[in-house]
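Participant: This is data_32.pdb (PDB, C-alpha atoms).
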ATOM      1  CA  MET A   1     -27.416   0.669  12.600
ATOM      2  CA  LYS A   2     -26.713   1.271   8.909
ATOM      3  CA  LYS A   3     -29.873   3.311   8.507
ATOM      4  CA  THR A   4     -29.103   5.774  11.294
ATOM      5  CA  LEU A   5     -27.980   9.294  10.608
ATOM      6  CA  GLU A   6     -24.854   8.797  12.720
ATOM      7  CA  TYR A   7     -23.779   5.848  10.573
ATOM      8  CA  LYS A   8     -24.459   7.784   7.376
ATOM      9  CA  ILE A   9     -22.393  10.718   8.631
ATOM     10  CA  LEU A  10     -19.479   8.457   9.579
ATOM     11  CA  LYS A  11     -19.697   6.611   6.254
ATOM     12  CA  TYR A  12     -19.784   9.894   4.297
ATOM     13  CA  LEU A  13     -16.786  11.233   6.189
ATOM     14  CA  PHE A  14     -14.890   7.961   5.734
ATOM     15  CA  ASP A  15     -15.679   7.733   2.008
ATOM     16  CA  ASN A  16     -14.675  11.361   1.416
ATOM     17  CA  ASN A  17     -11.591  11.255   3.625
ATOM     18  CA  THR A  18      -8.447  12.383   1.847
ATOM     19  CA  GLU A  19      -4.805  11.771   2.644
ATOM     20  CA  ASP A  20      -4.344  15.332   3.887
ATOM     21  CA  LEU A  21      -7.179  14.725   6.396
ATOM     22  CA  LYS A  22      -8.992  17.990   5.748
ATOM     23  CA  PHE A  23     -12.224  18.856   7.477
ATOM     24  CA  ILE A  24     -15.252  18.216   5.265
ATOM     25  CA  GLU A  25     -18.479  20.144   4.847
ATOM     26  CA  LEU A  26     -21.508  17.893   5.218
ATOM     27  CA  ASP A  27     -23.942  18.354   2.376
ATOM     28  CA  PHE A  28     -27.586  17.580   2.992
ATOM     29  CA  LYS A  29     -30.428  17.615   0.529
ATOM     30  CA  GLU A  30     -33.276  18.826   2.698
ATOM     31  CA  LYS A  31     -32.513  22.413   3.640
ATOM     32  CA  SER A  32     -35.149  22.958   6.300
ATOM     33  CA  GLU A  33     -34.437  24.234   9.789
ATOM     34  CA  ASP A  34     -35.609  20.915  11.289
ATOM     35  CA  SER A  35     -33.277  18.806   9.162
ATOM     36  CA  PHE A  36     -30.422  21.165   9.984
ATOM     37  CA  LYS A  37     -31.090  20.821  13.734
ATOM     38  CA  ILE A  38     -31.241  17.028  13.478
ATOM     39  CA  LEU A  39     -27.966  16.947  11.536
ATOM     40  CA  GLU A  40     -26.332  19.354  13.975
ATOM     41  CA  TYR A  41     -27.485  17.204  16.919
ATOM     42  CA  ALA A  42     -26.082  14.049  15.301
ATOM     43  CA  ILE A  43     -22.759  15.785  14.645
ATOM     44  CA  ASN A  44     -22.593  16.951  18.267
ATOM     45  CA  GLU A  45     -23.361  13.433  19.531
ATOM     46  CA  LEU A  46     -20.613  11.937  17.370
ATOM     47  CA  ALA A  47     -18.204  14.610  18.604
ATOM     48  CA  LYS A  48     -19.132  13.886  22.239
ATOM     49  CA  ARG A  49     -18.401  10.190  21.639
ATOM     50  CA  GLU A  50     -15.070  11.293  20.103
ATOM     51  CA  LEU A  51     -15.769   9.555  16.798
ATOM     52  CA  ILE A  52     -15.334  12.751  14.765
ATOM     53  CA  ASN A  53     -13.520  16.063  15.116
ATOM     54  CA  VAL A  54     -15.380  19.278  14.364
ATOM     55  CA  LYS A  55     -14.385  22.855  13.746
ATOM     56  CA  PRO A  56     -16.614  25.843  13.035
ATOM     57  CA  PHE A  57     -17.426  26.616   9.437
ATOM     58  CA  PRO A  58     -15.464  29.691   8.309
ATOM     59  CA  LYS A  59     -17.643  32.798   8.173
ATOM     60  CA  THR A  60     -16.060  34.123   4.995
ATOM     61  CA  THR A  61     -15.735  32.331   1.696
ATOM     62  CA  ARG A  62     -12.954  32.562  -0.880
ATOM     63  CA  ASN A  63     -14.862  34.384  -3.576
ATOM     64  CA  GLU A  64     -18.148  36.176  -4.042
ATOM     65  CA  LYS A  65     -19.617  33.561  -6.396
ATOM     66  CA  GLU A  66     -19.164  30.839  -3.793
ATOM     67  CA  LYS A  67     -20.515  33.148  -1.090
ATOM     68  CA  ILE A  68     -23.733  33.669  -3.035
ATOM     69  CA  THR A  69     -24.351  29.933  -3.362
ATOM     70  CA  LYS A  70     -23.917  29.296   0.384
ATOM     71  CA  THR A  71     -27.041  29.425   2.505
ATOM     72  CA  LEU A  72     -27.236  30.556   6.089
ATOM     73  CA  LEU A  73     -27.628  26.962   7.171
ATOM     74  CA  TYR A  74     -24.316  26.007   5.635
ATOM     75  CA  GLU A  75     -22.591  28.913   7.355
ATOM     76  CA  LYS A  76     -23.748  27.614  10.741
ATOM     77  CA  LEU A  77     -22.903  23.922  10.193
ATOM     78  CA  ASP A  78     -19.550  22.746  11.555
ATOM     79  CA  LEU A  79     -16.919  21.102   9.374
ATOM     80  CA  CYS A  80     -16.212  17.488  10.312
ATOM     81  CA  LYS A  81     -13.399  14.975  10.074
ATOM     82  CA  ILE A  82     -13.581  11.317  11.050
ATOM     83  CA  ASN A  83     -10.889  10.208  13.496
ATOM     84  CA  ILE A  84      -9.351   6.797  14.220
ATOM     85  CA  ASP A  85     -12.015   5.870  16.780
ATOM     86  CA  GLY A  86     -14.708   6.739  14.255
ATOM     87  CA  VAL A  87     -13.081   4.542  11.609
ATOM     88  CA  GLU A  88     -12.820   1.637  14.073
ATOM     89  CA  PHE A  89     -16.453   2.106  15.117
ATOM     90  CA  LEU A  90     -17.553   2.200  11.462
ATOM     91  CA  HIS A  91     -15.675  -1.027  10.676
ATOM     92  CA  LYS A  92     -17.103  -2.680  13.784
ATOM     93  CA  VAL A  93     -20.663  -1.789  12.741
ATOM     94  CA  GLU A  94     -20.068  -3.079   9.222
ATOM     95  CA  SER A  95     -18.534  -6.331  10.485
ATOM     96  CA  LEU A  96     -21.471  -6.813  12.867
ATOM     97  CA  GLU A  97     -23.826  -6.393   9.924
ATOM     98  CA  ILE A  98     -21.878  -8.980   7.915
ATOM     99  CA  ASN A  99     -21.814 -11.394  10.862
ATOM    100  CA  PHE A 100     -25.561 -10.956  11.308
ATOM    101  CA  LYS A 101     -26.183 -11.771   7.643
ATOM    102  CA  LEU A 102     -23.893 -14.801   7.892
ATOM    103  CA  ALA A 103     -25.781 -16.027  10.957
ATOM    104  CA  GLU A 104     -29.104 -15.641   9.138
ATOM    105  CA  SER A 105     -27.686 -17.513   6.161
ATOM    106  CA  SER A 106     -26.439 -20.329   8.408
ATOM    107  CA  ILE A 107     -29.865 -20.652  10.039
ATOM    108  CA  ASP A 108     -31.520 -20.849   6.620
ATOM    109  CA  ALA A 109     -28.979 -23.453   5.475
ATOM    110  CA  ASN A 110     -29.574 -25.539   8.626
ATOM    111  CA  GLU A 111     -33.337 -25.518   8.039
ATOM    112  CA  LEU A 112     -32.797 -26.583   4.434
ATOM    113  CA  ASN A 113     -30.448 -29.361   5.569
ATOM    114  CA  LYS A 114     -33.112 -30.659   7.990
ATOM    115  CA  LYS A 115     -35.667 -30.782   5.188
ATOM    116  CA  ASN A 116     -33.196 -32.555   2.903
ATOM    117  CA  SER A 117     -32.297 -34.973   5.669
ATOM    118  CA  LYS A 118     -35.965 -36.032   6.026
ATOM    119  CA  PHE A 119     -36.210 -36.472   2.265
ATOM    120  CA  ASN A 120     -32.978 -38.485   2.237
ATOM    121  CA  LYS A 121     -34.292 -40.833   4.944
ATOM    122  CA  HIS A 122     -37.393 -41.560   2.897
ATOM    123  CA  ALA A 123     -35.330 -42.067  -0.269
ATOM    124  CA  THR A 124     -33.008 -44.449   1.597
ATOM    125  CA  ILE A 125     -35.910 -46.557   2.855
ATOM    126  CA  ILE A 126     -37.376 -46.731  -0.650
ATOM    127  CA  ASN A 127     -33.972 -47.735  -2.086
ATOM    128  CA  ILE A 128     -33.592 -50.510   0.522
ATOM    129  CA  ILE A 129     -37.058 -51.880  -0.288
ATOM    130  CA  LEU A 130     -36.327 -51.789  -4.032
ATOM    131  CA  GLY A 131     -32.995 -53.525  -3.414
ATOM    132  CA  ILE A 132     -34.718 -56.311  -1.448
ATOM    133  CA  ILE A 133     -37.272 -56.699  -4.241
ATOM    134  CA  ASN A 134     -34.467 -56.874  -6.857
ATOM    135  CA  ILE A 135     -32.570 -59.496  -4.866
ATOM    136  CA  SER A 136     -35.785 -61.494  -4.390
ATOM    137  CA  LEU A 137     -36.499 -61.376  -8.125
ATOM    138  CA  LEU A 138     -32.932 -62.469  -8.939
ATOM    139  CA  LEU A 139     -33.224 -65.382  -6.496
ATOM    140  CA  TYR A 140     -36.605 -66.351  -7.915
ATOM    141  CA  GLN A 141     -35.241 -66.267 -11.480
ATOM    142  CA  GLY A 142     -32.213 -68.272 -10.367
ATOM    143  CA  LEU A 143     -34.422 -70.940  -8.827
ATOM    144  CA  GLN A 144     -36.594 -71.073 -11.941
ATOM    145  CA  ASN A 145     -33.617 -71.856 -14.182
TER     146      ASN A 145
END
Mind converting the file's structure to structure tokens?
Facilitator:
Amino acid sequence: MKKTLEYKILKYLFDNNTEDLKFIELDFKEKSEDSFKILEYAINELAKRELINVKPFPKTTRNEKEKITKTLLYEKLDLCKINIDGVEFLHKVESLEINFKLAESSIDANELNKKNSKFNKHATIINIILGIINISLLLYQGLQN
């Protein structure tokens, strides 16, 4: 789930969330029409699932310099804000990821323990045989003297 666009949007909104809970403009590197449509679709899906709130991007900017730097794509993209359900969903996904890694780690540890257990059985048998040999040698030496 962490590699999906929806997760990345939620994570970006969560990481850039401020105390005044302002709506945030999503910045994306690839400024093609296809990438814009994919991002817009993902935003709409998150809004339908009520994980984020959206409001239309304002058509006018504060000053001319900022207006020149904005592209048409940015003017069409909605502003977003993560809501409580989105935060809970994000934490749930992250905890599932952690639990999955812990489960994998436990499986690996169990396999290692099985291998060590076989080795320990062999070492125990060898130690018992060496102990019997030592006791036999001590008894033999005791009988010799």
Participant: Show me, as number ranges by chain, the residues that have an atom within 8 Å of A:Ala42 when counting all atoms listed in the file, minus same-chain residues fewer than 4 positions from it.
Facilitator: A: 5-6, 38, 46
Participant: Tell me which residues the PyMOL selection byres ((chain A and resi 25) around 7) grabs here, as a PyMOL selection string.
Facilitator: chain A and resi 23-24+26-27+79-80
Participant: I need the residue set behind the PyMOL selection byres ((chain A and resi 89-106) around 12) for this file; please write it as a PyMOL selection string.
Facilitator: chain A and resi 1-4+6-15+46+49-52+82-88+107-113
Participant: Calculate how many Å separate atom CA of A:Lys22 from atom CA of A:Ala47, rounding to one decimal.
Facilitator: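 The value is 16.2 Å.
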Participant: Could you work out how far atom CA of A:Ala123 lies from atom CA of A:Ile135, giving the answer in Å with one decimal?
Facilitator: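 Result for atom CA of A:Ile135 versus atom CA of A:Ala123: 18.2 Å, one decimal.
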Participant: How many Å separate atom CA of A:Ser35 from atom CA of A:Asn17?
Facilitator: 23.6 Å
Participant: Nearest to A:Lys55: which of A:Asp34, A:Lys81, A:Ile125, A:Ile133 is it, counting only C-alpha atoms?
Facilitator: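 The answer is A:Lys81, which sits nearest to A:Lys55.
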